[in-house]
Amino acid sequence: MRGAATRFAGNPPYWNGPQLSGNWDVIRYYTAEHIRFTLIALALGVLFAFPIAYLSHRRPVLYPPILAMTNVVYAIPSLALFALLGPFLGYTNDKPIIVAMALYTLVILVRNIVEGLRAVPRNVTDAATGLGYGRLRQFAGVELPLAIPTIIAGMRLAAVSTISLITVGGAIGKGALGRMFADGIDRGIDVELTSGVIAVVLLALVADALLLTAGWLLTPWTRARTA
Amino acid sequence: MDPGAHRMSVLVEGVQWLFDSGNWWGNRGIVARVVEHLEYSGAALGVAFVIAFPIGLIIGHTGKGRFVASSTANVLRAVPTYGVVSLLFIWRPLTLWPLLLALAILALPPIMLNTAAGIANVDPQTRDAAEGVGLTGFQVLTKVEAPCALPLILAGMRSAANQVIATATVLGVKGQGGLGVFIFSGYGTQRYYIVYGASIAIIAIVLLVEAAFAVLQRRLVSPGLRVARIGKQLRSRKSITLVGNSAR
């Protein structure tokens, strides 16, 4: 397998010694990389999820086969998905990891968007039609906002699992904070490994809190009712 | 060589590897690894069920602790299994039971949250009726709420199983066991056809288990609940926000 030297080819900072002090730049470097991977993957997933969800919502016939397909994608272990994307995107670069995460995001989001749209009460959409709302305006102005809580729930799930799963890329010499796992286990530095695990969990919780706040800000009407 | 042909040939070699009976037997053969994979996954699911199911029942029945439960679930979801397994390898290289805990962590959120959501979503009128005919709180839970919540509970078990089986791949990181051993060693030696072959086996197992749960659902769920209730539960917002899982 690739050794420490090739894993850190290029110029990422290198963990020195068995202790934490003096190694914060390693954590900073991989955290930044982790955030970058996550944002790209989520953005890609969102970009493709909305049109697919819109289509499944407008043409309900298409939803079962799309759902079945997403189930199959979801059954693929991340490491296997990296390998499956390998021949197309290369085996040892960042692309298979980002694309795999985008696919998982897509799968989670399509399901949540469609279920969210379906949960919009019929009388609400009827009222919108009665007010003369066209199809697209009704989708963007009525159905989508009402589906926000479900969509945000999907986004939170997608973000947390993406942040956690990127680390599996460590097994193929990539994967941002996951590289600290791989290097930690190869060189037996448990402090590096533990720091990586803690950084991943914290990052996931911060992302989760941000999305929760975004959902709260986007749905003022849900508070007006309960207050 | 045409890169397209190369792509296909690696996939074909993977399938050939999987179906080559020369690779099946022996204590490092595919069959032994499949058995290991199922043993680890099954044990992890069992542990998770024993912990998460009662907690889910209590939260759903009393309506208390919902926020704590969903926050805890989010923390658990954030824990990277690969990191935990690596850490456990450094601390205890030769023991397997801590690895089961690492896998069980994954299965806790879907089982706990779906059980709680299923119980909480039981029609209040049904619950009132059960109390009205004189059932005690415990009887209401076991005889009315739990059966009504069964579709969601099974859905939670199903997504837990899906995740655990897919993620058990990580147990191969240092050759500990399961089909992941092939995937990690295939990557290490750049024999990607082995990675494909083992991946196909894992995906097949996940899909078979999903199918088994679909059958179980049909067998166990009361016919009275099948059409109307399931549709209603899937459509109610409370359940959707809680159903779902993070992948392997």
# chains A, B, ... in the order shown; residues from 1 in each chain; ligands from 1
call {"tool": "residues_around", "arguments": {"residues": "stretch 36-52 of chain B", "least_positions_apart": "3", "cutoff": "7 Å", "atoms": "only C-alpha atoms", "output": "compact mmCIF listing (two decimals) with all heavy atoms, in the first residue's frame"}}
result
# COMPACT_ATOMS: atom_id res chain seq x y z
N ALA B 32 -16.47 -17.78 3.55
CA ALA B 32 -16.14 -17.51 4.96
C ALA B 32 -16.29 -16.02 5.25
O ALA B 32 -16.80 -15.63 6.32
CB ALA B 32 -14.72 -17.96 5.25
N ARG B 33 -15.89 -15.18 4.31
CA ARG B 33 -16.00 -13.73 4.50
C ARG B 33 -17.46 -13.27 4.51
O ARG B 33 -17.82 -12.36 5.26
CB ARG B 33 -15.22 -12.98 3.41
CG ARG B 33 -13.72 -13.19 3.42
CD ARG B 33 -13.10 -12.79 4.74
NE ARG B 33 -11.63 -12.84 4.66
CZ ARG B 33 -10.85 -12.84 5.71
NH1 ARG B 33 -11.37 -12.80 6.94
NH2 ARG B 33 -9.54 -12.89 5.58
N ILE B 55 -35.79 2.36 24.25
CA ILE B 55 -35.73 3.82 24.39
C ILE B 55 -36.74 4.47 23.45
O ILE B 55 -37.48 5.38 23.84
CB ILE B 55 -34.30 4.34 24.08
CG1 ILE B 55 -33.30 3.76 25.08
CG2 ILE B 55 -34.26 5.86 24.13
CD1 ILE B 55 -31.86 4.14 24.81
N GLY B 56 -36.81 3.98 22.24
CA GLY B 56 -37.77 4.51 21.26
C GLY B 56 -39.20 4.34 21.75
O GLY B 56 -40.03 5.25 21.64
N LEU B 100 -17.92 -4.32 16.94
CA LEU B 100 -19.37 -4.46 16.86
C LEU B 100 -20.05 -3.23 17.41
O LEU B 100 -21.06 -2.77 16.89
CB LEU B 100 -19.82 -5.70 17.63
CG LEU B 100 -19.32 -7.03 17.09
CD1 LEU B 100 -19.87 -8.17 17.91
CD2 LEU B 100 -19.70 -7.19 15.63
N LEU B 101 -19.46 -2.66 18.47
CA LEU B 101 -20.03 -1.44 19.04
C LEU B 101 -19.96 -0.30 18.03
O LEU B 101 -20.90 0.47 17.88
CB LEU B 101 -19.29 -1.05 20.31
CG LEU B 101 -19.69 -1.84 21.56
CD1 LEU B 101 -18.91 -1.33 22.76
CD2 LEU B 101 -21.18 -1.68 21.80
N LEU B 103 -20.10 -0.50 14.90
CA LEU B 103 -21.17 -0.70 13.92
C LEU B 103 -22.55 -0.43 14.53
O LEU B 103 -23.43 0.12 13.88
CB LEU B 103 -21.15 -2.13 13.38
CG LEU B 103 -20.18 -2.48 12.29
CD1 LEU B 103 -20.39 -3.91 11.86
CD2 LEU B 103 -20.33 -1.55 11.10
N ALA B 104 -22.70 -0.84 15.80
CA ALA B 104 -24.00 -0.67 16.46
C ALA B 104 -24.37 0.81 16.56
O ALA B 104 -25.54 1.16 16.48
CB ALA B 104 -23.98 -1.32 17.83
N ALA B 107 -26.55 1.90 13.88
CA ALA B 107 -27.91 1.36 13.81
C ALA B 107 -28.82 1.98 14.88
O ALA B 107 -30.04 1.88 14.77
CB ALA B 107 -27.87 -0.15 13.96
N LEU B 108 -28.24 2.63 15.89
CA LEU B 108 -29.06 3.19 16.96
C LEU B 108 -30.04 4.26 16.47
O LEU B 108 -31.23 4.17 16.75
CB LEU B 108 -28.17 3.76 18.08
CG LEU B 108 -27.35 2.76 18.91
CD1 LEU B 108 -26.41 3.51 19.85
CD2 LEU B 108 -28.25 1.84 19.70
N ILE B 111 -33.26 3.05 14.39
CA ILE B 111 -34.19 2.19 15.16
C ILE B 111 -34.89 3.02 16.23
O ILE B 111 -36.12 2.98 16.37
CB ILE B 111 -33.43 1.00 15.79
CG1 ILE B 111 -32.84 0.11 14.70
CG2 ILE B 111 -34.38 0.20 16.69
CD1 ILE B 111 -32.02 -1.05 15.22
N MET B 112 -34.11 3.82 16.96
CA MET B 112 -34.68 4.61 18.05
C MET B 112 -35.69 5.63 17.53
O MET B 112 -36.82 5.71 18.01
CB MET B 112 -33.56 5.32 18.81
CG MET B 112 -34.03 6.20 19.95
SD MET B 112 -32.64 6.87 20.88
CE MET B 112 -32.00 8.11 19.77
N ALA B 161 -30.19 -1.95 8.99
CA ALA B 161 -29.53 -3.13 8.42
C ALA B 161 -28.75 -2.74 7.17
O ALA B 161 -27.58 -3.13 6.99
CB ALA B 161 -30.57 -4.20 8.09
N VAL B 164 -25.60 -0.85 8.28
CA VAL B 164 -24.63 -1.67 8.99
C VAL B 164 -23.93 -2.63 8.02
O VAL B 164 -22.70 -2.75 8.05
CB VAL B 164 -25.29 -2.44 10.15
CG1 VAL B 164 -24.39 -3.53 10.67
CG2 VAL B 164 -25.66 -1.47 11.26
N ILE B 165 -24.70 -3.27 7.15
CA ILE B 165 -24.09 -4.24 6.23
C ILE B 165 -23.12 -3.53 5.28
O ILE B 165 -22.02 -4.00 5.02
CB ILE B 165 -25.18 -4.99 5.44
CG1 ILE B 165 -26.01 -5.84 6.40
CG2 ILE B 165 -24.54 -5.88 4.39
CD1 ILE B 165 -27.25 -6.43 5.78
N ALA B 168 -20.06 -2.37 7.34
CA ALA B 168 -19.22 -3.44 7.89
C ALA B 168 -17.99 -3.66 7.02
O ALA B 168 -17.01 -4.28 7.45
CB ALA B 168 -20.03 -4.73 8.03
N GLY B 177 -11.88 -8.76 9.20
CA GLY B 177 -12.86 -9.73 8.73
C GLY B 177 -13.94 -9.13 7.87
O GLY B 177 -14.01 -7.93 7.68
N GLY B 178 -14.78 -10.02 7.34
CA GLY B 178 -15.87 -9.59 6.48
C GLY B 178 -15.40 -9.36 5.05
O GLY B 178 -14.21 -9.47 4.74
N LEU B 179 -16.34 -9.01 4.18
CA LEU B 179 -16.01 -8.82 2.76
C LEU B 179 -15.12 -7.62 2.53
O LEU B 179 -14.47 -7.49 1.49
CB LEU B 179 -17.30 -8.69 1.95
CG LEU B 179 -18.02 -10.02 1.71
CD1 LEU B 179 -19.46 -9.78 1.30
CD2 LEU B 179 -17.30 -10.83 0.63
call {"tool": "residues_around", "arguments": {"residues": "stretch 178-184 of chain A", "least_positions_apart": "6", "cutoff": "7 Å", "atoms": "only C-alpha atoms", "output": "ChimeraX atom specification"}}
result
/A:4,166-171,190,192-193,196 /B:83,86
call {"tool": "write_last_selection", "arguments": {"atoms": "N, CA, C and O atoms", "output": "mmCIF file, in the first residue's frame"}}
result
data_model
loop_
_atom_site.group_PDB
_atom_site.id
_atom_site.type_symbol
_atom_site.label_atom_id
_atom_site.label_comp_id
_atom_site.auth_asym_id
_atom_site.auth_seq_id
_atom_site.Cartn_x
_atom_site.Cartn_y
_atom_site.Cartn_z
ATOM 1 N N ALA A 4 3.425 6.569 3.913
ATOM 2 C CA ALA A 4 3.162 7.918 4.389
ATOM 3 C C ALA A 4 3.708 8.962 3.413
ATOM 4 O O ALA A 4 3.088 9.986 3.178
ATOM 5 N N ILE A 166 -16.876 11.121 4.057
ATOM 6 C CA ILE A 166 -15.707 11.559 3.290
ATOM 7 C C ILE A 166 -14.459 10.882 3.846
ATOM 8 O O ILE A 166 -13.544 10.524 3.111
ATOM 9 N N THR A 167 -14.474 10.657 5.161
ATOM 10 C CA THR A 167 -13.287 10.104 5.819
ATOM 11 C C THR A 167 -12.907 8.731 5.273
ATOM 12 O O THR A 167 -11.745 8.346 5.341
ATOM 13 N N VAL A 168 -13.898 7.978 4.764
ATOM 14 C CA VAL A 168 -13.580 6.649 4.222
ATOM 15 C C VAL A 168 -12.573 6.781 3.083
ATOM 16 O O VAL A 168 -11.807 5.864 2.808
ATOM 17 N N GLY A 169 -12.568 7.954 2.438
ATOM 18 C CA GLY A 169 -11.575 8.215 1.407
ATOM 19 C C GLY A 169 -10.152 8.090 1.930
ATOM 20 O O GLY A 169 -9.217 7.895 1.154
ATOM 21 N N GLY A 170 -9.987 8.207 3.242
ATOM 22 C CA GLY A 170 -8.668 8.012 3.846
ATOM 23 C C GLY A 170 -8.078 6.660 3.466
ATOM 24 O O GLY A 170 -6.863 6.496 3.341
ATOM 25 N N ALA A 171 -8.970 5.688 3.255
ATOM 26 C CA ALA A 171 -8.535 4.337 2.910
ATOM 27 C C ALA A 171 -7.877 4.296 1.535
ATOM 28 O O ALA A 171 -7.118 3.374 1.235
ATOM 29 N N ASP A 190 -2.238 7.510 18.001
ATOM 30 C CA ASP A 190 -3.663 7.563 18.324
ATOM 31 C C ASP A 190 -4.162 8.989 18.569
ATOM 32 O O ASP A 190 -5.345 9.257 18.411
ATOM 33 N N GLU A 192 -3.394 11.589 16.722
ATOM 34 C CA GLU A 192 -3.771 12.103 15.409
ATOM 35 C C GLU A 192 -5.145 11.568 15.003
ATOM 36 O O GLU A 192 -6.011 12.309 14.538
ATOM 37 N N LEU A 193 -5.332 10.267 15.234
ATOM 38 C CA LEU A 193 -6.594 9.625 14.904
ATOM 39 C C LEU A 193 -7.752 10.229 15.704
ATOM 40 O O LEU A 193 -8.794 10.598 15.154
ATOM 41 N N GLY A 196 -8.655 13.635 14.604
ATOM 42 C CA GLY A 196 -9.422 13.567 13.356
ATOM 43 C C GLY A 196 -10.879 13.235 13.621
ATOM 44 O O GLY A 196 -11.784 13.892 13.087
ATOM 45 N N GLY B 83 -13.061 5.928 11.368
ATOM 46 C CA GLY B 83 -12.155 6.448 12.385
ATOM 47 C C GLY B 83 -12.219 5.648 13.663
ATOM 48 O O GLY B 83 -11.182 5.314 14.266
ATOM 49 N N SER B 86 -10.532 2.322 13.215
ATOM 50 C CA SER B 86 -9.069 2.497 13.187
ATOM 51 C C SER B 86 -8.533 2.708 14.596
ATOM 52 O O SER B 86 -7.503 2.147 14.976
#
call {"tool": "closest_residue", "arguments": {"among": "A:Leu85, A:Ala147, A:Ala80, A:Met101", "to": "chain B", "atoms": "only C-alpha atoms"}}
result
A:Ala80
call {"tool": "closest_residue", "arguments": {"among": "B:Val75, B:Ala155, B:Leu208, B:Leu220", "to": "B:Ala117", "atoms": "only C-alpha atoms"}}
result
B:Ala155
call {"tool": "closest_atom_pairs", "arguments": {"of": "chain A", "to": "chain B", "cutoff": "8 Å", "atoms": "only C-alpha atoms", "output": "JSON lines"}}
result
{"residue": "A:Met1", "atom": "CA", "partner": "B:Gly188", "partner_atom": "CA", "distance": 4.6}
{"residue": "A:Arg2", "atom": "CA", "partner": "B:Gly188", "partner_atom": "CA", "distance": 7.4}
{"residue": "A:Val72", "atom": "CA", "partner": "B:Leu207", "partner_atom": "CA", "distance": 7.4}
{"residue": "A:Tyr74", "atom": "CA", "partner": "B:Ala247", "partner_atom": "CA", "distance": 6.9}
{"residue": "A:Ala75", "atom": "CA", "partner": "B:Ile203", "partner_atom": "CA", "distance": 5.7}
{"residue": "A:Ile76", "atom": "CA", "partner": "B:Ile203", "partner_atom": "CA", "distance": 5.6}
{"residue": "A:Pro77", "atom": "CA", "partner": "B:Ala166", "partner_atom": "CA", "distance": 4.7}
{"residue": "A:Ser78", "atom": "CA", "partner": "B:Arg248", "partner_atom": "CA", "distance": 6.7}
{"residue": "A:Leu79", "atom": "CA", "partner": "B:Ile183", "partner_atom": "CA", "distance": 7.7}
{"residue": "A:Ala80", "atom": "CA", "partner": "B:Ser199", "partner_atom": "CA", "distance": 5.3}
{"residue": "A:Ala83", "atom": "CA", "partner": "B:Val195", "partner_atom": "CA", "distance": 6.8}
{"residue": "A:Leu84", "atom": "CA", "partner": "B:Tyr196", "partner_atom": "CA", "distance": 7.1}
{"residue": "A:Pro87", "atom": "CA", "partner": "B:Arg7", "partner_atom": "CA", "distance": 5.6}
{"residue": "A:Phe88", "atom": "CA", "partner": "B:Arg7", "partner_atom": "CA", "distance": 7.8}
{"residue": "A:Tyr104", "atom": "CA", "partner": "B:Ala247", "partner_atom": "CA", "distance": 7.6}
{"residue": "A:Ile108", "atom": "CA", "partner": "B:Gly244", "partner_atom": "CA", "distance": 7.9}
{"residue": "A:Asn112", "atom": "CA", "partner": "B:Ile240", "partner_atom": "CA", "distance": 7.5}
{"residue": "A:Glu115", "atom": "CA", "partner": "B:Arg235", "partner_atom": "CA", "distance": 7.0}
{"residue": "A:Gly116", "atom": "CA", "partner": "B:Arg237", "partner_atom": "CA", "distance": 7.4}
{"residue": "A:Arg118", "atom": "CA", "partner": "B:Arg235", "partner_atom": "CA", "distance": 7.0}
{"residue": "A:Ala119", "atom": "CA", "partner": "B:Arg235", "partner_atom": "CA", "distance": 5.4}
{"residue": "A:Pro149", "atom": "CA", "partner": "B:Thr241", "partner_atom": "CA", "distance": 7.6}
{"residue": "A:Thr150", "atom": "CA", "partner": "B:Thr241", "partner_atom": "CA", "distance": 5.6}
{"residue": "A:Ala153", "atom": "CA", "partner": "B:Thr241", "partner_atom": "CA", "distance": 5.5}
{"residue": "A:Gly154", "atom": "CA", "partner": "B:Thr241", "partner_atom": "CA", "distance": 7.6}
{"residue": "A:Leu157", "atom": "CA", "partner": "B:Ser246", "partner_atom": "CA", "distance": 6.1}
{"residue": "A:Ala158", "atom": "CA", "partner": "B:Ser246", "partner_atom": "CA", "distance": 7.0}
{"residue": "A:Val160", "atom": "CA", "partner": "B:Ala78", "partner_atom": "CA", "distance": 5.6}
{"residue": "A:Ser161", "atom": "CA", "partner": "B:Ser246", "partner_atom": "CA", "distance": 5.0}
{"residue": "A:Ile163", "atom": "CA", "partner": "B:Ala78", "partner_atom": "CA", "distance": 7.4}
{"residue": "A:Ser164", "atom": "CA", "partner": "B:Pro80", "partner_atom": "CA", "distance": 4.8}
{"residue": "A:Leu165", "atom": "CA", "partner": "B:Pro80", "partner_atom": "CA", "distance": 6.6}
{"residue": "A:Thr167", "atom": "CA", "partner": "B:Pro80", "partner_atom": "CA", "distance": 7.1}
{"residue": "A:Val168", "atom": "CA", "partner": "B:Tyr82", "partner_atom": "CA", "distance": 6.1}
{"residue": "A:Ala171", "atom": "CA", "partner": "B:Phe184", "partner_atom": "CA", "distance": 7.6}
{"residue": "A:Ile172", "atom": "CA", "partner": "B:Tyr187", "partner_atom": "CA", "distance": 7.2}
{"residue": "A:Gly178", "atom": "CA", "partner": "B:Gly83", "partner_atom": "CA", "distance": 7.3}
{"residue": "A:Phe181", "atom": "CA", "partner": "B:Gly83", "partner_atom": "CA", "distance": 5.6}
{"residue": "A:Ala182", "atom": "CA", "partner": "B:Ser86", "partner_atom": "CA", "distance": 7.8}
{"residue": "A:Ile185", "atom": "CA", "partner": "B:Ser86", "partner_atom": "CA", "distance": 6.0}
{"residue": "A:Gly188", "atom": "CA", "partner": "B:Ile90", "partner_atom": "CA", "distance": 6.4}
{"residue": "A:Asp190", "atom": "CA", "partner": "B:Leu87", "partner_atom": "CA", "distance": 6.6}
{"residue": "A:Leu193", "atom": "CA", "partner": "B:Leu87", "partner_atom": "CA", "distance": 6.5}
{"residue": "A:Thr194", "atom": "CA", "partner": "B:Leu87", "partner_atom": "CA", "distance": 7.1}
{"residue": "A:Gly196", "atom": "CA", "partner": "B:Gly83", "partner_atom": "CA", "distance": 7.7}
{"residue": "A:Val197", "atom": "CA", "partner": "B:Gly83", "partner_atom": "CA", "distance": 5.9}
{"residue": "A:Val200", "atom": "CA", "partner": "B:Ala78", "partner_atom": "CA", "distance": 7.2}
{"residue": "A:Val201", "atom": "CA", "partner": "B:Ala78", "partner_atom": "CA", "distance": 5.1}
{"residue": "A:Ala204", "atom": "CA", "partner": "B:Ala78", "partner_atom": "CA", "distance": 5.7}
{"residue": "A:Leu205", "atom": "CA", "partner": "B:Val75", "partner_atom": "CA", "distance": 6.9}
call {"tool": "residues_around", "arguments": {"residues": "stretch 122-128 of chain A", "least_positions_apart": "3", "cutoff": "9 Å", "atoms": "only C-alpha atoms", "output": "ChimeraX atom specification"}}
result
/A:118-119,131-134,138,142-143
call {"tool": "atom_distance", "arguments": {"atom1": "atom CA of B:Pro147", "atom2": "atom CA of B:Ala160"}}
result
19.6 Å
call {"tool": "closest_residue", "arguments": {"among": "A:Leu146, A:Val206, A:Ile27, A:Val110", "to": "A:Trp15", "atoms": "only C-alpha atoms"}}
result
A:Ile27
call {"tool": "residues_around", "arguments": {"residues": "A:Glu33", "least_positions_apart": "6", "cutoff": "9 Å", "atoms": "only C-alpha atoms", "output": "list in words"}}
result
Gly175, Ala176 and Leu177 of chain A
call {"tool": "closest_residue", "arguments": {"among": "B:Asn114, B:Thr136, B:Thr126, B:Gln176", "to": "B:Leu57", "atoms": "only C-alpha atoms"}}
result
B:Asn114
call {"tool": "atom_distance", "arguments": {"atom1": "atom CA of A:Val73", "atom2": "atom CA of A:Leu211"}}
result
24.6 Å
